Amino acid sequence: MNSPSLLPILRYPDPRLHTVAQPVKAVDDRIRSLIERMFETMYDANGIGLAATQVDVHERLIVIDVSETRDERLVLINPEIEWASPEKRKGEEGCLSVPGIYDGVERSIAVRVRALDGNGVERTIDAQGMLAVCIQHEMDHLLGKVFVEYLSPLKRDRIKSKLVKAQREALRA
Ligand code: GNR
Ligand code: NI
């Protein structure tokens, strides 16, 4: 049911989604608790990733689980792209902040990322496939970028109107 520790997810076109996140200063109890609540929120929403930006916390923190079994947690704190393959591929993306909208985005097919894990230990992750896509999508969130910004202005405006209308109707219901 509705767990009290679920965090509300900001929805496009909320301007707070365009906030640039600041580095996490210390992996302390506050961050560990936030990580738990972000995983709970992500699993509840059936997402494969969630950036702190989406829950209105503007610090460089991402949670990911791209496994079928929903039991392979990955935490990226202060992530930096060390390398991105020049080879790109266009794939269908969705976003918990842009519900019901799916469209193609070009991403590097592989990335190497350096980040702290949930224990504050530095790790290097070599990703490809869905994980590589997800990491790039989440790192964009930390820079205040939502995937619809890769689409044409026409598509973006249509998506914006559709979501504004849906949220208006949800409020009236
Ligand atoms: O759950 C999600 N699925 C997804 C599918 C294709 C490309 C990226 C994603 S990430 C998204 C969750 C989300 O919005 N993370 O920010
Ligand atoms: Ni997203």
# chains A, B, ... in the order shown; residues from 1 in each chain; ligands from 1

call {"tool": "residues_around", "arguments": {"residues": "Glu40 (chain A)", "least_positions_apart": "2", "cutoff": "12 Å", "atoms": "only C-alpha atoms", "output": "PyMOL selection string"}}
result
chain A and resi 1-8+33-38+42-50+63-65+70-71+73

call {"tool": "residues_near_ligand", "arguments": {"ligand": "ligand 2", "cutoff": "8 Å", "atoms": "only C-alpha atoms and all ligand atoms", "output": "ChimeraX atom specification"}}
result
/A:49-51,54,94-98,137-138,141,146-147

call {"tool": "residues_around", "arguments": {"residues": "region 78-86 of chain A", "least_positions_apart": "2", "cutoff": "7 Å", "atoms": "only C-alpha atoms", "output": "ChimeraX atom specification"}}
result
/A:23-24,60-61,76,88,108-116

call {"tool": "write_last_selection", "arguments": {"atoms": "all heavy atoms", "output": "CSV table (one decimal), in the first residue's frame"}}
result
chain,number,residue,atom,x,y,z
A,23,PRO,N,27.4,18.4,-5.5
A,23,PRO,CA,28.0,17.1,-5.0
A,23,PRO,C,27.5,16.8,-3.6
A,23,PRO,O,27.3,17.7,-2.8
A,23,PRO,CB,29.5,17.5,-5.0
A,23,PRO,CG,29.7,18.6,-5.9
A,23,PRO,CD,28.4,19.4,-5.9
A,24,VAL,N,27.4,15.5,-3.3
A,24,VAL,CA,27.1,15.0,-1.9
A,24,VAL,C,28.4,15.2,-1.1
A,24,VAL,O,29.5,14.9,-1.6
A,24,VAL,CB,26.7,13.5,-2.0
A,24,VAL,CG1,26.7,12.9,-0.6
A,24,VAL,CG2,25.4,13.3,-2.7
A,60,ARG,N,24.1,15.1,-6.0
A,60,ARG,CA,24.4,14.1,-7.1
A,60,ARG,C,24.3,12.7,-6.6
A,60,ARG,O,25.3,12.1,-6.2
A,60,ARG,CB,25.8,14.5,-7.6
A,60,ARG,CG,25.8,15.9,-8.3
A,60,ARG,CD,27.2,16.2,-8.9
A,60,ARG,NE,27.7,15.2,-9.9
A,60,ARG,CZ,27.3,15.1,-11.2
A,60,ARG,NH1,26.4,16.0,-11.6
A,60,ARG,NH2,27.8,14.2,-11.9
A,61,LEU,N,23.1,12.2,-6.6
A,61,LEU,CA,22.8,10.8,-6.1
A,61,LEU,C,21.8,10.2,-7.0
A,61,LEU,O,20.8,10.8,-7.4
A,61,LEU,CB,22.3,11.0,-4.7
A,61,LEU,CG,21.6,9.7,-4.1
A,61,LEU,CD1,22.6,8.6,-3.9
A,61,LEU,CD2,21.1,10.1,-2.7
A,76,LEU,N,24.9,5.4,-7.2
A,76,LEU,CA,26.0,6.2,-7.7
A,76,LEU,C,25.9,7.6,-7.1
A,76,LEU,O,25.0,8.3,-7.2
A,76,LEU,CB,25.8,6.4,-9.2
A,76,LEU,CG,25.8,5.2,-10.2
A,76,LEU,CD1,25.7,5.6,-11.6
A,76,LEU,CD2,27.1,4.3,-10.0
A,88,LYS,N,27.1,5.5,-30.9
A,88,LYS,CA,25.8,5.8,-30.3
A,88,LYS,C,24.7,4.9,-30.9
A,88,LYS,O,24.9,4.4,-32.0
A,88,LYS,CB,25.5,7.3,-30.4
A,88,LYS,CG,26.5,8.1,-29.6
A,88,LYS,CD,26.0,9.6,-29.6
A,88,LYS,CE,27.1,10.4,-28.8
A,88,LYS,NZ,26.6,11.7,-28.5
A,108,SER,N,25.4,7.0,-26.1
A,108,SER,CA,26.6,6.2,-26.2
A,108,SER,C,26.2,4.7,-25.8
A,108,SER,O,25.5,4.5,-24.9
A,108,SER,CB,27.7,6.6,-25.3
A,108,SER,OG,28.2,7.9,-25.8
A,109,ILE,N,26.7,3.8,-26.6
A,109,ILE,CA,26.4,2.4,-26.3
A,109,ILE,C,27.1,1.8,-25.1
A,109,ILE,O,26.7,0.8,-24.5
A,109,ILE,CB,26.6,1.5,-27.5
A,109,ILE,CG1,28.0,1.4,-27.9
A,109,ILE,CG2,25.7,1.9,-28.7
A,109,ILE,CD1,28.3,0.3,-28.9
A,110,ALA,N,28.2,2.5,-24.7
A,110,ALA,CA,28.9,2.0,-23.5
A,110,ALA,C,29.5,3.3,-22.8
A,110,ALA,O,29.9,4.3,-23.4
A,110,ALA,CB,30.0,1.1,-23.9
A,111,VAL,N,29.6,3.2,-21.5
A,111,VAL,CA,30.2,4.2,-20.7
A,111,VAL,C,31.0,3.6,-19.5
A,111,VAL,O,30.7,2.5,-19.0
A,111,VAL,CB,29.2,5.2,-20.0
A,111,VAL,CG1,28.5,6.1,-21.1
A,111,VAL,CG2,28.1,4.5,-19.2
A,112,ARG,N,32.1,4.4,-19.1
A,112,ARG,CA,32.8,4.0,-17.9
A,112,ARG,C,32.6,5.2,-16.9
A,112,ARG,O,32.8,6.4,-17.3
A,112,ARG,CB,34.3,3.9,-18.2
A,112,ARG,CG,35.1,3.8,-16.9
A,112,ARG,CD,36.6,3.4,-17.1
A,112,ARG,NE,36.6,2.0,-17.4
A,112,ARG,CZ,37.8,1.3,-17.6
A,112,ARG,NH1,38.9,1.9,-17.5
A,112,ARG,NH2,37.8,0.0,-17.8
A,113,VAL,N,32.0,4.9,-15.7
A,113,VAL,CA,31.7,5.9,-14.8
A,113,VAL,C,32.4,5.6,-13.5
A,113,VAL,O,32.5,4.5,-13.0
A,113,VAL,CB,30.1,5.8,-14.5
A,113,VAL,CG1,29.7,6.8,-13.4
A,113,VAL,CG2,29.3,6.0,-15.8
A,114,ARG,N,32.9,6.7,-12.9
A,114,ARG,CA,33.5,6.7,-11.5
A,114,ARG,C,32.5,7.3,-10.5
A,114,ARG,O,32.0,8.4,-10.8
A,114,ARG,CB,34.8,7.3,-11.5
A,114,ARG,CG,35.6,6.9,-10.2
A,114,ARG,CD,37.0,7.5,-10.3
A,114,ARG,NE,37.0,8.8,-10.9
A,114,ARG,CZ,38.1,9.5,-11.1
A,114,ARG,NH1,39.2,9.1,-10.7
A,114,ARG,NH2,38.0,10.7,-11.6
A,115,ALA,N,32.2,6.6,-9.4
A,115,ALA,CA,31.3,7.2,-8.5
A,115,ALA,C,31.6,6.5,-7.1
A,115,ALA,O,32.2,5.5,-7.0
A,115,ALA,CB,29.9,6.8,-8.9
A,116,LEU,N,31.0,7.1,-6.1
A,116,LEU,CA,31.0,6.5,-4.7
A,116,LEU,C,29.8,5.6,-4.7
A,116,LEU,O,28.8,5.9,-5.2
A,116,LEU,CB,30.9,7.5,-3.6
A,116,LEU,CG,32.0,8.6,-3.6
A,116,LEU,CD1,31.8,9.6,-2.4
A,116,LEU,CD2,33.4,8.0,-3.5

call {"tool": "residues_around", "arguments": {"residues": "Val27 (chain A)", "least_positions_apart": "5", "cutoff": "10 Å", "atoms": "only C-alpha atoms", "output": "PyMOL selection string"}}
result
chain A and resi 32+77+116-121

call {"tool": "write_last_selection", "arguments": {"atoms": "N, CA, C and O atoms", "output": "PDB file, in the first residue's frame"}}
result
ATOM      1  N   ARG A  32      22.150   7.900   3.567  1.00  0.00           N
ATOM      2  CA  ARG A  32      21.756   6.479   3.585  1.00  0.00           C
ATOM      3  C   ARG A  32      20.241   6.332   3.669  1.00  0.00           C
ATOM      4  O   ARG A  32      19.645   5.480   3.003  1.00  0.00           O
ATOM      5  N   ILE A  77      27.014   7.887  -6.334  1.00  0.00           N
ATOM      6  CA  ILE A  77      27.111   9.171  -5.655  1.00  0.00           C
ATOM      7  C   ILE A  77      28.245   9.969  -6.303  1.00  0.00           C
ATOM      8  O   ILE A  77      29.339   9.428  -6.517  1.00  0.00           O
ATOM      9  N   LEU A 116      31.036   7.149  -6.054  1.00  0.00           N
ATOM     10  CA  LEU A 116      31.042   6.503  -4.743  1.00  0.00           C
ATOM     11  C   LEU A 116      29.828   5.591  -4.677  1.00  0.00           C
ATOM     12  O   LEU A 116      28.777   5.915  -5.245  1.00  0.00           O
ATOM     13  N   ASP A 117      29.963   4.441  -3.988  1.00  0.00           N
ATOM     14  CA  ASP A 117      28.806   3.573  -3.777  1.00  0.00           C
ATOM     15  C   ASP A 117      28.088   3.992  -2.479  1.00  0.00           C
ATOM     16  O   ASP A 117      28.432   5.009  -1.869  1.00  0.00           O
ATOM     17  N   GLY A 118      27.107   3.215  -2.066  1.00  0.00           N
ATOM     18  CA  GLY A 118      26.302   3.558  -0.890  1.00  0.00           C
ATOM     19  C   GLY A 118      27.088   3.556   0.418  1.00  0.00           C
ATOM     20  O   GLY A 118      26.612   4.055   1.440  1.00  0.00           O
ATOM     21  N   ASN A 119      28.303   2.990   0.383  1.00  0.00           N
ATOM     22  CA  ASN A 119      29.161   3.005   1.568  1.00  0.00           C
ATOM     23  C   ASN A 119      30.233   4.079   1.478  1.00  0.00           C
ATOM     24  O   ASN A 119      31.131   4.148   2.313  1.00  0.00           O
ATOM     25  N   GLY A 120      30.168   4.899   0.433  1.00  0.00           N
ATOM     26  CA  GLY A 120      31.146   5.965   0.272  1.00  0.00           C
ATOM     27  C   GLY A 120      32.458   5.486  -0.315  1.00  0.00           C
ATOM     28  O   GLY A 120      33.470   6.192  -0.262  1.00  0.00           O
ATOM     29  N   VAL A 121      32.451   4.266  -0.886  1.00  0.00           N
ATOM     30  CA  VAL A 121      33.664   3.700  -1.476  1.00  0.00           C
ATOM     31  C   VAL A 121      33.691   3.992  -2.977  1.00  0.00           C
ATOM     32  O   VAL A 121      32.694   3.781  -3.671  1.00  0.00           O
TER      33      VAL A 121
END

call {"tool": "closest_residue", "arguments": {"among": "A:Asp103, A:Glu92, A:Glu169, A:Asp126", "to": "ligand 1", "atoms": "only C-alpha atoms and all ligand atoms"}}
result
A:Glu92

call {"tool": "select_by_dssp", "arguments": {"residues": "region 30-155 of chain A", "states": "helix (DSSP H, G or I)", "output": "NGL selection string"}}
result
:A and (30-44 or 52-55 or 129-142 or 147-150 or 153-155)

call {"tool": "write_last_selection", "arguments": {"atoms": "C-alpha atoms", "output": "PDB file, in the first residue's frame"}}
result
ATOM      1  CA  ARG A  30      20.887  11.405   6.008  1.00  0.00           C
ATOM      2  CA  ILE A  31      22.159  10.158   2.635  1.00  0.00           C
ATOM      3  CA  ARG A  32      21.756   6.479   3.585  1.00  0.00           C
ATOM      4  CA  SER A  33      18.142   7.119   4.579  1.00  0.00           C
ATOM      5  CA  LEU A  34      17.530   9.041   1.357  1.00  0.00           C
ATOM      6  CA  ILE A  35      18.993   6.124  -0.663  1.00  0.00           C
ATOM      7  CA  GLU A  36      16.558   3.689   1.024  1.00  0.00           C
ATOM      8  CA  ARG A  37      13.582   5.926   0.349  1.00  0.00           C
ATOM      9  CA  MET A  38      14.647   6.463  -3.261  1.00  0.00           C
ATOM     10  CA  PHE A  39      14.884   2.689  -3.858  1.00  0.00           C
ATOM     11  CA  GLU A  40      11.477   2.197  -2.269  1.00  0.00           C
ATOM     12  CA  THR A  41      10.023   4.977  -4.440  1.00  0.00           C
ATOM     13  CA  MET A  42      11.688   3.627  -7.603  1.00  0.00           C
ATOM     14  CA  TYR A  43      10.506   0.032  -7.028  1.00  0.00           C
ATOM     15  CA  ASP A  44       6.988   1.225  -6.165  1.00  0.00           C
ATOM     16  CA  ALA A  52      17.633  12.669  -6.481  1.00  0.00           C
ATOM     17  CA  THR A  53      16.581  15.624  -8.658  1.00  0.00           C
ATOM     18  CA  GLN A  54      13.297  13.800  -9.375  1.00  0.00           C
ATOM     19  CA  VAL A  55      12.419  13.781  -5.665  1.00  0.00           C
ATOM     20  CA  GLY A 129      23.133  -2.055 -22.847  1.00  0.00           C
ATOM     21  CA  MET A 130      20.240  -0.881 -20.671  1.00  0.00           C
ATOM     22  CA  LEU A 131      22.549   0.019 -17.769  1.00  0.00           C
ATOM     23  CA  ALA A 132      24.569   2.391 -19.954  1.00  0.00           C
ATOM     24  CA  VAL A 133      21.378   4.046 -21.194  1.00  0.00           C
ATOM     25  CA  CYS A 134      20.000   4.352 -17.672  1.00  0.00           C
ATOM     26  CA  ILE A 135      23.215   5.860 -16.247  1.00  0.00           C
ATOM     27  CA  GLN A 136      23.259   8.511 -18.995  1.00  0.00           C
ATOM     28  CA  HIS A 137      19.549   9.272 -18.485  1.00  0.00           C
ATOM     29  CA  GLU A 138      20.033   9.661 -14.695  1.00  0.00           C
ATOM     30  CA  MET A 139      23.196  11.754 -15.014  1.00  0.00           C
ATOM     31  CA  ASP A 140      21.257  14.115 -17.278  1.00  0.00           C
ATOM     32  CA  HIS A 141      18.686  14.552 -14.466  1.00  0.00           C
ATOM     33  CA  LEU A 142      21.506  15.675 -12.141  1.00  0.00           C
ATOM     34  CA  PHE A 147      14.991  13.303 -21.982  1.00  0.00           C
ATOM     35  CA  VAL A 148      12.223  15.230 -23.784  1.00  0.00           C
ATOM     36  CA  GLU A 149      14.765  18.039 -24.282  1.00  0.00           C
ATOM     37  CA  TYR A 150      16.411  15.828 -26.935  1.00  0.00           C
ATOM     38  CA  PRO A 153      10.489  21.609 -29.902  1.00  0.00           C
ATOM     39  CA  LEU A 154       7.173  20.591 -31.483  1.00  0.00           C
ATOM     40  CA  LYS A 155       7.134  17.180 -29.790  1.00  0.00           C
TER      41      LYS A 155
END

call {"tool": "select_by_dssp", "arguments": {"residues": "region 22-112 of chain A", "states": "strand (DSSP E or B)", "output": "PyMOL selection string"}}
result
chain A and resi 22+49-51+59+61-64+74-84+88-93+103-108+110-112

call {"tool": "write_last_selection", "arguments": {"atoms": "C-alpha atoms", "output": "PDB file, in the first residue's frame"}}
result
ATOM      1  CA  GLN A  22      25.471  19.793  -6.077  1.00  0.00           C
ATOM      2  CA  GLY A  49      16.465   4.267 -12.055  1.00  0.00           C
ATOM      3  CA  LEU A  50      15.796   7.405 -10.045  1.00  0.00           C
ATOM      4  CA  ALA A  51      17.865  10.571  -9.664  1.00  0.00           C
ATOM      5  CA  GLU A  59      22.468  16.487  -4.765  1.00  0.00           C
ATOM      6  CA  LEU A  61      22.833  10.837  -6.104  1.00  0.00           C
ATOM      7  CA  ILE A  62      21.312   8.125  -8.303  1.00  0.00           C
ATOM      8  CA  VAL A  63      19.770   4.733  -7.567  1.00  0.00           C
ATOM      9  CA  ILE A  64      19.459   2.091 -10.305  1.00  0.00           C
ATOM     10  CA  LEU A  74      23.310   0.131  -7.721  1.00  0.00           C
ATOM     11  CA  VAL A  75      24.029   3.453  -5.982  1.00  0.00           C
ATOM     12  CA  LEU A  76      26.001   6.201  -7.734  1.00  0.00           C
ATOM     13  CA  ILE A  77      27.111   9.171  -5.655  1.00  0.00           C
ATOM     14  CA  ASN A  78      28.941  12.074  -7.307  1.00  0.00           C
ATOM     15  CA  PRO A  79      29.194  10.129 -10.584  1.00  0.00           C
ATOM     16  CA  GLU A  80      31.556  11.279 -13.300  1.00  0.00           C
ATOM     17  CA  ILE A  81      31.762   9.911 -16.839  1.00  0.00           C
ATOM     18  CA  GLU A  82      35.339   8.748 -17.385  1.00  0.00           C
ATOM     19  CA  TRP A  83      34.683   7.582 -20.923  1.00  0.00           C
ATOM     20  CA  ALA A  84      31.759   7.337 -23.303  1.00  0.00           C
ATOM     21  CA  LYS A  88      25.814   5.768 -30.275  1.00  0.00           C
ATOM     22  CA  ARG A  89      22.456   4.080 -30.676  1.00  0.00           C
ATOM     23  CA  LYS A  90      18.917   5.380 -30.610  1.00  0.00           C
ATOM     24  CA  GLY A  91      16.669   3.627 -28.099  1.00  0.00           C
ATOM     25  CA  GLU A  92      13.178   4.123 -26.706  1.00  0.00           C
ATOM     26  CA  GLU A  93      13.202   5.971 -23.358  1.00  0.00           C
ATOM     27  CA  ASP A 103      10.433   8.294 -27.494  1.00  0.00           C
ATOM     28  CA  GLY A 104      13.804   7.626 -29.072  1.00  0.00           C
ATOM     29  CA  VAL A 105      17.025   9.142 -27.708  1.00  0.00           C
ATOM     30  CA  GLU A 106      20.581   8.648 -28.964  1.00  0.00           C
ATOM     31  CA  ARG A 107      23.064   7.561 -26.321  1.00  0.00           C
ATOM     32  CA  SER A 108      26.585   6.163 -26.228  1.00  0.00           C
ATOM     33  CA  ALA A 110      28.938   2.042 -23.501  1.00  0.00           C
ATOM     34  CA  VAL A 111      30.212   4.235 -20.658  1.00  0.00           C
ATOM     35  CA  ARG A 112      32.802   4.042 -17.883  1.00  0.00           C
TER      36      ARG A 112
END

call {"tool": "residues_around", "arguments": {"residues": "Gly144 (chain A)", "least_positions_apart": "4", "cutoff": "8 Å", "atoms": "only C-alpha atoms", "output": "PyMOL selection string"}}
result
chain A and resi 17-21+53+140

call {"tool": "decode", "arguments": {"residues": "region 69-100 of chain A", "atoms": "N, CA and C atoms", "output": "PDB file, in the first residue's frame"}}
result
ATOM      1  N   THR A  69      14.965  -9.297 -11.895  1.00  0.00           N
ATOM      2  CA  THR A  69      14.573  -9.813 -10.582  1.00  0.00           C
ATOM      3  C   THR A  69      14.410  -8.705  -9.532  1.00  0.00           C
ATOM      4  N   ARG A  70      14.748  -7.472  -9.898  1.00  0.00           N
ATOM      5  CA  ARG A  70      14.574  -6.311  -9.016  1.00  0.00           C
ATOM      6  C   ARG A  70      15.345  -6.478  -7.706  1.00  0.00           C
ATOM      7  N   ASP A  71      16.548  -7.042  -7.809  1.00  0.00           N
ATOM      8  CA  ASP A  71      17.321  -7.246  -6.582  1.00  0.00           C
ATOM      9  C   ASP A  71      18.804  -6.944  -6.795  1.00  0.00           C
ATOM     10  N   GLU A  72      19.097  -6.090  -7.793  1.00  0.00           N
ATOM     11  CA  GLU A  72      20.497  -5.722  -8.030  1.00  0.00           C
ATOM     12  C   GLU A  72      20.648  -4.221  -7.935  1.00  0.00           C
ATOM     13  N   ARG A  73      20.757  -3.767  -6.693  1.00  0.00           N
ATOM     14  CA  ARG A  73      20.801  -2.328  -6.423  1.00  0.00           C
ATOM     15  C   ARG A  73      22.158  -1.745  -6.771  1.00  0.00           C
ATOM     16  N   LEU A  74      22.095  -0.599  -7.389  1.00  0.00           N
ATOM     17  CA  LEU A  74      23.310   0.131  -7.721  1.00  0.00           C
ATOM     18  C   LEU A  74      23.112   1.571  -7.248  1.00  0.00           C
ATOM     19  N   VAL A  75      24.088   2.075  -6.477  1.00  0.00           N
ATOM     20  CA  VAL A  75      24.029   3.453  -5.982  1.00  0.00           C
ATOM     21  C   VAL A  75      25.198   4.214  -6.586  1.00  0.00           C
ATOM     22  N   LEU A  76      24.936   5.357  -7.180  1.00  0.00           N
ATOM     23  CA  LEU A  76      26.001   6.201  -7.734  1.00  0.00           C
ATOM     24  C   LEU A  76      25.949   7.560  -7.053  1.00  0.00           C
ATOM     25  N   ILE A  77      27.014   7.887  -6.334  1.00  0.00           N
ATOM     26  CA  ILE A  77      27.111   9.171  -5.655  1.00  0.00           C
ATOM     27  C   ILE A  77      28.245   9.969  -6.303  1.00  0.00           C
ATOM     28  N   ASN A  78      27.979  11.206  -6.613  1.00  0.00           N
ATOM     29  CA  ASN A  78      28.941  12.074  -7.307  1.00  0.00           C
ATOM     30  C   ASN A  78      29.537  11.398  -8.549  1.00  0.00           C
ATOM     31  N   PRO A  79      28.688  10.850  -9.407  1.00  0.00           N
ATOM     32  CA  PRO A  79      29.194  10.129 -10.584  1.00  0.00           C
ATOM     33  C   PRO A  79      29.851  11.057 -11.593  1.00  0.00           C
ATOM     34  N   GLU A  80      30.902  10.557 -12.208  1.00  0.00           N
ATOM     35  CA  GLU A  80      31.556  11.279 -13.300  1.00  0.00           C
ATOM     36  C   GLU A  80      31.778  10.301 -14.445  1.00  0.00           C
ATOM     37  N   ILE A  81      31.500  10.743 -15.659  1.00  0.00           N
ATOM     38  CA  ILE A  81      31.762   9.911 -16.839  1.00  0.00           C
ATOM     39  C   ILE A  81      33.256   9.968 -17.129  1.00  0.00           C
ATOM     40  N   GLU A  82      33.912   8.814 -17.068  1.00  0.00           N
ATOM     41  CA  GLU A  82      35.339   8.748 -17.385  1.00  0.00           C
ATOM     42  C   GLU A  82      35.539   8.600 -18.879  1.00  0.00           C
ATOM     43  N   TRP A  83      34.590   7.881 -19.495  1.00  0.00           N
ATOM     44  CA  TRP A  83      34.683   7.582 -20.923  1.00  0.00           C
ATOM     45  C   TRP A  83      33.304   7.234 -21.446  1.00  0.00           C
ATOM     46  N   ALA A  84      33.007   7.717 -22.635  1.00  0.00           N
ATOM     47  CA  ALA A  84      31.759   7.337 -23.303  1.00  0.00           C
ATOM     48  C   ALA A  84      32.109   6.909 -24.720  1.00  0.00           C
ATOM     49  N   SER A  85      31.560   5.796 -25.171  1.00  0.00           N
ATOM     50  CA  SER A  85      31.872   5.309 -26.519  1.00  0.00           C
ATOM     51  C   SER A  85      31.410   6.321 -27.549  1.00  0.00           C
ATOM     52  N   PRO A  86      32.243   6.567 -28.568  1.00  0.00           N
ATOM     53  CA  PRO A  86      31.787   7.450 -29.644  1.00  0.00           C
ATOM     54  C   PRO A  86      30.610   6.836 -30.405  1.00  0.00           C
ATOM     55  N   GLU A  87      30.516   5.504 -30.370  1.00  0.00           N
ATOM     56  CA  GLU A  87      29.400   4.845 -31.062  1.00  0.00           C
ATOM     57  C   GLU A  87      28.114   5.025 -30.257  1.00  0.00           C
ATOM     58  N   LYS A  88      27.098   5.519 -30.938  1.00  0.00           N
ATOM     59  CA  LYS A  88      25.814   5.768 -30.275  1.00  0.00           C
ATOM     60  C   LYS A  88      24.721   4.934 -30.902  1.00  0.00           C
ATOM     61  N   ARG A  89      23.611   4.804 -30.161  1.00  0.00           N
ATOM     62  CA  ARG A  89      22.456   4.080 -30.676  1.00  0.00           C
ATOM     63  C   ARG A  89      21.210   4.765 -30.158  1.00  0.00           C
ATOM     64  N   LYS A  90      20.180   4.776 -31.016  1.00  0.00           N
ATOM     65  CA  LYS A  90      18.917   5.380 -30.610  1.00  0.00           C
ATOM     66  C   LYS A  90      18.026   4.313 -29.988  1.00  0.00           C
ATOM     67  N   GLY A  91      17.549   4.586 -28.782  1.00  0.00           N
ATOM     68  CA  GLY A  91      16.669   3.627 -28.099  1.00  0.00           C
ATOM     69  C   GLY A  91      15.479   4.342 -27.494  1.00  0.00           C
ATOM     70  N   GLU A  92      14.411   3.576 -27.282  1.00  0.00           N
ATOM     71  CA  GLU A  92      13.178   4.123 -26.706  1.00  0.00           C
ATOM     72  C   GLU A  92      13.395   4.404 -25.212  1.00  0.00           C
ATOM     73  N   GLU A  93      13.076   5.635 -24.778  1.00  0.00           N
ATOM     74  CA  GLU A  93      13.202   5.971 -23.358  1.00  0.00           C
ATOM     75  C   GLU A  93      11.877   6.428 -22.781  1.00  0.00           C
ATOM     76  N   GLY A  94      11.765   6.228 -21.481  1.00  0.00           N
ATOM     77  CA  GLY A  94      10.642   6.744 -20.729  1.00  0.00           C
ATOM     78  C   GLY A  94      11.213   7.381 -19.479  1.00  0.00           C
ATOM     79  N   CYS A  95      10.384   8.043 -18.683  1.00  0.00           N
ATOM     80  CA  CYS A  95      10.875   8.699 -17.473  1.00  0.00           C
ATOM     81  C   CYS A  95       9.734   8.791 -16.474  1.00  0.00           C
ATOM     82  N   LEU A  96      10.040   8.495 -15.219  1.00  0.00           N
ATOM     83  CA  LEU A  96       9.011   8.572 -14.178  1.00  0.00           C
ATOM     84  C   LEU A  96       8.509  10.005 -14.005  1.00  0.00           C
ATOM     85  N   SER A  97       9.284  10.982 -14.437  1.00  0.00           N
ATOM     86  CA  SER A  97       8.865  12.383 -14.361  1.00  0.00           C
ATOM     87  C   SER A  97       8.095  12.827 -15.596  1.00  0.00           C
ATOM     88  N   VAL A  98       7.984  11.916 -16.591  1.00  0.00           N
ATOM     89  CA  VAL A  98       7.249  12.229 -17.830  1.00  0.00           C
ATOM     90  C   VAL A  98       6.329  11.042 -18.119  1.00  0.00           C
ATOM     91  N   PRO A  99       5.350  10.787 -17.239  1.00  0.00           N
ATOM     92  CA  PRO A  99       4.594   9.540 -17.303  1.00  0.00           C
ATOM     93  C   PRO A  99       3.835   9.359 -18.614  1.00  0.00           C
ATOM     94  N   GLY A 100       3.905   8.129 -19.133  1.00  0.00           N
ATOM     95  CA  GLY A 100       3.132   7.766 -20.321  1.00  0.00           C
ATOM     96  C   GLY A 100       3.745   8.181 -21.646  1.00  0.00           C
TER      97      GLY A 100
END
